[in-house]
Amino acid sequence: MKKKKGWLLTILVVAAVGISIIIGHSNSLKAASSLGKDTLTMITSPDYPPYEFYDTKGGDRQIVGFDIDIAKTLAEKLGFKLKIMESDFNGLIPGLQANRADFVMAGMTPTPERQKNIDFSIIYYEAKDTIVAPKGSNLKQPQDLSGKKLGVQLGTIQEQNAQKIAKKVAGIQLKQLNKVPEVVQEIKSGRINAAIVEDTVAKGFAQANPDLEFNTIPSEEASGSAIAFPKGSSFVEPFNKVLQQMKGDGTLNKLVAKWFSQNTANPVSSTPAKSGLNLDFTRILPDIPFILRGIPLTLLFTLLSLSLGLIWGTVLSLLKILGIKPLTWVANAYTSIFRGTPLLLQLALVYYATPQLTGYDISALQAGVLTFTLNSGAYMSETIRGGIQAVDKGQSEAAMSMGVPYWLMMWDVILPQALKNILPALVNETIGLLKDSALVSTIGVVEILRSAQIVGANKYIYFEPLLFAGLIYYVLVMGMTLGASALERRLRQSE
């Protein structure tokens, strides 16, 4: 009887200890949910299959991939919802430093330079660099790159590794580009001799382009992908615990098998590669709905920027002609600044600096509209000022002699005639805004150009989606031109 009681007591103690361990482990994973938020924001660059890319079938805009599945698992185990934002790769760390996101996953390697500015998790996947070159180039070792032009993606570990190789091997000329598809296209066009690309990505490009080959570079030091966090982030420890658990229970290995064993590109062609562009638009037919979904956003962006820019430009033009020197000086200085600096620089400053200066997490679309409004207002102010000054002075003198207030005179008499005179210039500004809207793709807005680039990255091709995007822009511009011509004829009839 005593023995039975002793065994029963032992079983109860073991069970209690086991339950406490399980509960303690669960609490350690859920501890992050006590930070006063229920959603984790991840920022990535979804043009790097199979790590992260858009599933464009049927026009969907769902970001999928190896990193995405890991992020979803992490968020679930830590008790959070997951929100995914996007940007160009070289904008990921600035976005993290501007507190636009809680973490970055984009196949990023924790280099010493990066670790000075951001924190990293443990390595969750080991990868190797490869030399991608035209088939038959016989560029297999770093020493073979002597005297060659070498392409790399800007801001990546491959760029840093290429710089190290260039110090050891004489005659290497580096060319940095924003995206891996652009690097590969430079190889195919003959502007560079080779590129350094991660093995999993190089495999996809080689499968989709039979005229390319890749050879693995022996690693001199350990490298791999890790999760990036803002400096001092409290998420590093809980993320590491979950990653260790995923390694231990085989979850990571299952995700590796899922994403790296399948071919995310087109099937390997058995026919020899042809010279020239070798265009085949049938490859993007399933993705055309996805590209077309960028049209409404592009038109919305253009309409908002034009309307607000016209209002702001009118205000600036009035400040310039009022004759009040301080206001004139301010308006002229403003115009000088916004006309004298690159639009892309202004866009980056508004998008990344606004959260740090004001605490407001401005969206990519809002940042684009605000930037283009401020910029186009500077240009329009000069156009509108010229239109106002072109109106016959007798119009204003007659209105003033009749006792019409200045602002009412401007609104009812001068501005309608001025806008009529500058209509061709306003049409040109509208067309410019429509085409320049492609710049907002650099901060993650999925408009027409960004949609085409995503399709190109997913299919490991370049020209077909870009040419189709160019056709869309041309049709939109011609539609605007015809509409403006009809409006101008209508206005002339009223004269």
# chains A, B, ... in the order shown; residues from 1 in each chain; ligands from 1
call {"tool": "residues_around", "arguments": {"residues": "stretch 276-292 of chain A", "least_positions_apart": "4", "cutoff": "8 Å", "atoms": "only C-alpha atoms", "output": "number ranges by chain"}}
result
A: 56-61, 448, 451-452, 455, 459, 463-465, 469
call {"tool": "residues_around", "arguments": {"residues": "A:Thr39", "least_positions_apart": "5", "cutoff": "10 Å", "atoms": "only C-alpha atoms", "output": "ChimeraX atom specification"}}
result
/A:33,75,79-83,102
call {"tool": "residues_around", "arguments": {"residues": "A:Asp144", "least_positions_apart": "4", "cutoff": "12 Å", "atoms": "only C-alpha atoms", "output": "list in words"}}
result
Ile131, Ala133, Ser137, Asn138, Leu139, Lys140, Lys148, Lys149, Leu150, Ile165, Ala166, Lys168, Val169, Ala170, Gly171, Ile172, Asn193, Ala194, Asn215 and Ile217 of chain A
call {"tool": "atom_distance", "arguments": {"atom1": "atom CA of A:Ala106", "atom2": "atom CA of A:Val446"}}
result
17.8 Å
call {"tool": "atom_distance", "arguments": {"atom1": "atom CA of A:Tyr51", "atom2": "atom CA of A:Gly65"}}
result
4.9 Å
call {"tool": "closest_residue", "arguments": {"among": "A:Tyr334, A:Tyr360, A:Phe89, A:Tyr48", "to": "A:Asp199", "atoms": "only C-alpha atoms"}}
result
A:Tyr48
call {"tool": "atom_distance", "arguments": {"atom1": "atom CA of A:Leu299", "atom2": "atom CA of A:Thr373"}}
result
14.6 Å
call {"tool": "residues_around", "arguments": {"residues": "A:Phe301", "least_positions_apart": "4", "cutoff": "9 Å", "atoms": "only C-alpha atoms", "output": "CSV table (one decimal) with C-alpha atoms, in the first residue's frame"}}
result
chain,number,residue,atom,x,y,z
A,296,PRO,CA,-6.8,52.8,-60.1
A,297,LEU,CA,-4.1,53.5,-57.5
A,305,SER,CA,-1.7,65.3,-56.4
A,306,LEU,CA,-3.0,67.4,-59.2
A,365,LEU,CA,0.3,56.7,-50.4
A,368,GLY,CA,3.5,60.2,-52.1
A,369,VAL,CA,0.5,62.5,-52.4
A,433,LEU,CA,2.5,63.6,-62.5
A,434,LEU,CA,1.0,60.5,-64.0
A,437,SER,CA,3.9,58.4,-60.0
call {"tool": "closest_residue", "arguments": {"among": "A:Ala484, A:Leu439, A:Pro416, A:Gly309", "to": "A:Asn375", "atoms": "only C-alpha atoms"}}
result
A:Gly309
call {"tool": "residues_around", "arguments": {"residues": "A:Val180", "least_positions_apart": "5", "cutoff": "10 Å", "atoms": "only C-alpha atoms", "output": "ChimeraX atom specification"}}
result
/A:47-48,151-154,185-186,195-198,201-202,205,457,460
call {"tool": "closest_residue", "arguments": {"among": "A:Gln366, A:Gly444, A:Gln62, A:Arg339", "to": "A:Leu300", "atoms": "only C-alpha atoms"}}
result
A:Gln366
call {"tool": "select_by_dssp", "arguments": {"residues": "stretch 336-444 of chain A", "states": "alpha helix (DSSP H)", "output": "count of residues only"}}
result
82
call {"tool": "decode", "arguments": {"residues": "stretch 224-257 of chain A", "atoms": "N, CA, C and O atoms", "output": "CSV table (one decimal), in the first residue's frame"}}
result
chain,number,residue,atom,x,y,z
A,224,GLY,N,24.3,34.0,-43.3
A,224,GLY,CA,23.0,33.5,-43.3
A,224,GLY,C,22.0,34.6,-43.1
A,224,GLY,O,22.3,35.7,-43.0
A,225,SER,N,20.7,34.2,-43.1
A,225,SER,CA,19.6,35.1,-42.9
A,225,SER,C,19.2,35.2,-41.5
A,225,SER,O,19.1,34.2,-40.8
A,226,ALA,N,18.9,36.4,-41.0
A,226,ALA,CA,18.4,36.7,-39.6
A,226,ALA,C,17.3,37.7,-39.7
A,226,ALA,O,17.2,38.5,-40.7
A,227,ILE,N,16.6,37.9,-38.6
A,227,ILE,CA,15.6,38.9,-38.5
A,227,ILE,C,16.2,40.2,-37.9
A,227,ILE,O,16.9,40.1,-36.9
A,228,ALA,N,15.9,41.3,-38.5
A,228,ALA,CA,16.4,42.6,-38.0
A,228,ALA,C,15.4,43.3,-37.2
A,228,ALA,O,14.2,43.3,-37.5
A,229,PHE,N,15.9,44.0,-36.1
A,229,PHE,CA,15.0,44.8,-35.2
A,229,PHE,C,15.6,46.2,-35.0
A,229,PHE,O,16.8,46.4,-35.2
A,230,PRO,N,14.8,47.1,-34.6
A,230,PRO,CA,15.4,48.4,-34.1
A,230,PRO,C,16.3,48.2,-33.0
A,230,PRO,O,16.2,47.2,-32.2
A,231,LYS,N,17.3,49.1,-32.8
A,231,LYS,CA,18.3,48.9,-31.7
A,231,LYS,C,17.6,48.9,-30.4
A,231,LYS,O,16.7,49.8,-30.1
A,232,GLY,N,17.9,47.9,-29.6
A,232,GLY,CA,17.3,47.9,-28.2
A,232,GLY,C,15.9,47.3,-28.2
A,232,GLY,O,15.2,47.4,-27.2
A,233,SER,N,15.5,46.6,-29.3
A,233,SER,CA,14.1,46.1,-29.3
A,233,SER,C,13.9,45.0,-28.3
A,233,SER,O,14.8,44.1,-28.1
A,234,SER,N,12.7,44.9,-27.7
A,234,SER,CA,12.4,43.9,-26.7
A,234,SER,C,11.9,42.6,-27.3
A,234,SER,O,11.6,41.7,-26.6
A,235,PHE,N,11.8,42.6,-28.7
A,235,PHE,CA,11.4,41.4,-29.4
A,235,PHE,C,12.5,40.4,-29.7
A,235,PHE,O,12.2,39.3,-30.1
A,236,VAL,N,13.7,40.8,-29.5
A,236,VAL,CA,14.8,39.9,-29.9
A,236,VAL,C,14.8,38.6,-29.2
A,236,VAL,O,14.8,37.5,-29.7
A,237,GLU,N,14.7,38.7,-27.8
A,237,GLU,CA,14.7,37.5,-27.0
A,237,GLU,C,13.5,36.5,-27.3
A,237,GLU,O,13.7,35.3,-27.5
A,238,PRO,N,12.3,37.0,-27.3
A,238,PRO,CA,11.2,36.1,-27.6
A,238,PRO,C,11.2,35.5,-29.0
A,238,PRO,O,10.9,34.4,-29.2
A,239,PHE,N,11.7,36.3,-30.0
A,239,PHE,CA,11.8,35.8,-31.3
A,239,PHE,C,12.9,34.7,-31.3
A,239,PHE,O,12.7,33.6,-32.0
A,240,ASN,N,14.0,34.9,-30.7
A,240,ASN,CA,15.0,33.8,-30.6
A,240,ASN,C,14.5,32.5,-30.0
A,240,ASN,O,14.8,31.4,-30.4
A,241,LYS,N,13.7,32.7,-28.9
A,241,LYS,CA,13.1,31.5,-28.3
A,241,LYS,C,12.2,30.7,-29.3
A,241,LYS,O,12.3,29.4,-29.3
A,242,VAL,N,11.4,31.4,-30.0
A,242,VAL,CA,10.5,30.7,-30.9
A,242,VAL,C,11.3,30.1,-32.1
A,242,VAL,O,11.1,29.0,-32.5
A,243,LEU,N,12.4,30.8,-32.6
A,243,LEU,CA,13.2,30.3,-33.7
A,243,LEU,C,13.9,29.0,-33.2
A,243,LEU,O,14.0,28.0,-34.0
A,244,GLN,N,14.4,29.0,-32.0
A,244,GLN,CA,15.0,27.8,-31.4
A,244,GLN,C,14.1,26.6,-31.3
A,244,GLN,O,14.4,25.5,-31.7
A,245,GLN,N,12.8,27.0,-30.9
A,245,GLN,CA,11.8,25.9,-30.9
A,245,GLN,C,11.5,25.4,-32.3
A,245,GLN,O,11.3,24.2,-32.4
A,246,MET,N,11.4,26.3,-33.3
A,246,MET,CA,11.1,25.9,-34.6
A,246,MET,C,12.2,25.0,-35.2
A,246,MET,O,12.0,24.1,-36.0
A,247,LYS,N,13.5,25.3,-34.8
A,247,LYS,CA,14.6,24.5,-35.2
A,247,LYS,C,14.5,23.1,-34.6
A,247,LYS,O,14.8,22.1,-35.2
A,248,GLY,N,14.1,23.1,-33.3
A,248,GLY,CA,14.1,21.8,-32.5
A,248,GLY,C,13.0,20.9,-33.0
A,248,GLY,O,13.2,19.7,-33.0
A,249,ASP,N,11.8,21.4,-33.3
A,249,ASP,CA,10.7,20.6,-33.6
A,249,ASP,C,10.6,20.3,-35.1
A,249,ASP,O,9.6,19.7,-35.6
A,250,GLY,N,11.5,20.8,-35.9
A,250,GLY,CA,11.5,20.5,-37.3
A,250,GLY,C,10.7,21.4,-38.2
A,250,GLY,O,10.6,21.2,-39.4
A,251,THR,N,10.1,22.5,-37.6
A,251,THR,CA,9.2,23.4,-38.4
A,251,THR,C,10.0,24.1,-39.4
A,251,THR,O,9.6,24.2,-40.6
A,252,LEU,N,11.2,24.6,-39.1
A,252,LEU,CA,12.1,25.3,-40.0
A,252,LEU,C,12.5,24.4,-41.2
A,252,LEU,O,12.5,24.8,-42.4
A,253,ASN,N,12.8,23.2,-40.9
A,253,ASN,CA,13.2,22.2,-42.0
A,253,ASN,C,12.1,22.0,-42.9
A,253,ASN,O,12.3,21.9,-44.1
A,254,LYS,N,10.9,21.9,-42.4
A,254,LYS,CA,9.7,21.7,-43.3
A,254,LYS,C,9.5,22.9,-44.2
A,254,LYS,O,9.2,22.7,-45.4
A,255,LEU,N,9.7,24.1,-43.7
A,255,LEU,CA,9.5,25.3,-44.5
A,255,LEU,C,10.6,25.4,-45.5
A,255,LEU,O,10.4,25.9,-46.7
A,256,VAL,N,11.8,25.0,-45.1
A,256,VAL,CA,12.9,25.0,-46.1
A,256,VAL,C,12.6,24.0,-47.3
A,256,VAL,O,12.8,24.4,-48.5
A,257,ALA,N,12.1,22.9,-46.9
A,257,ALA,CA,11.7,21.9,-48.0
A,257,ALA,C,10.6,22.4,-48.8
A,257,ALA,O,10.6,22.2,-50.0
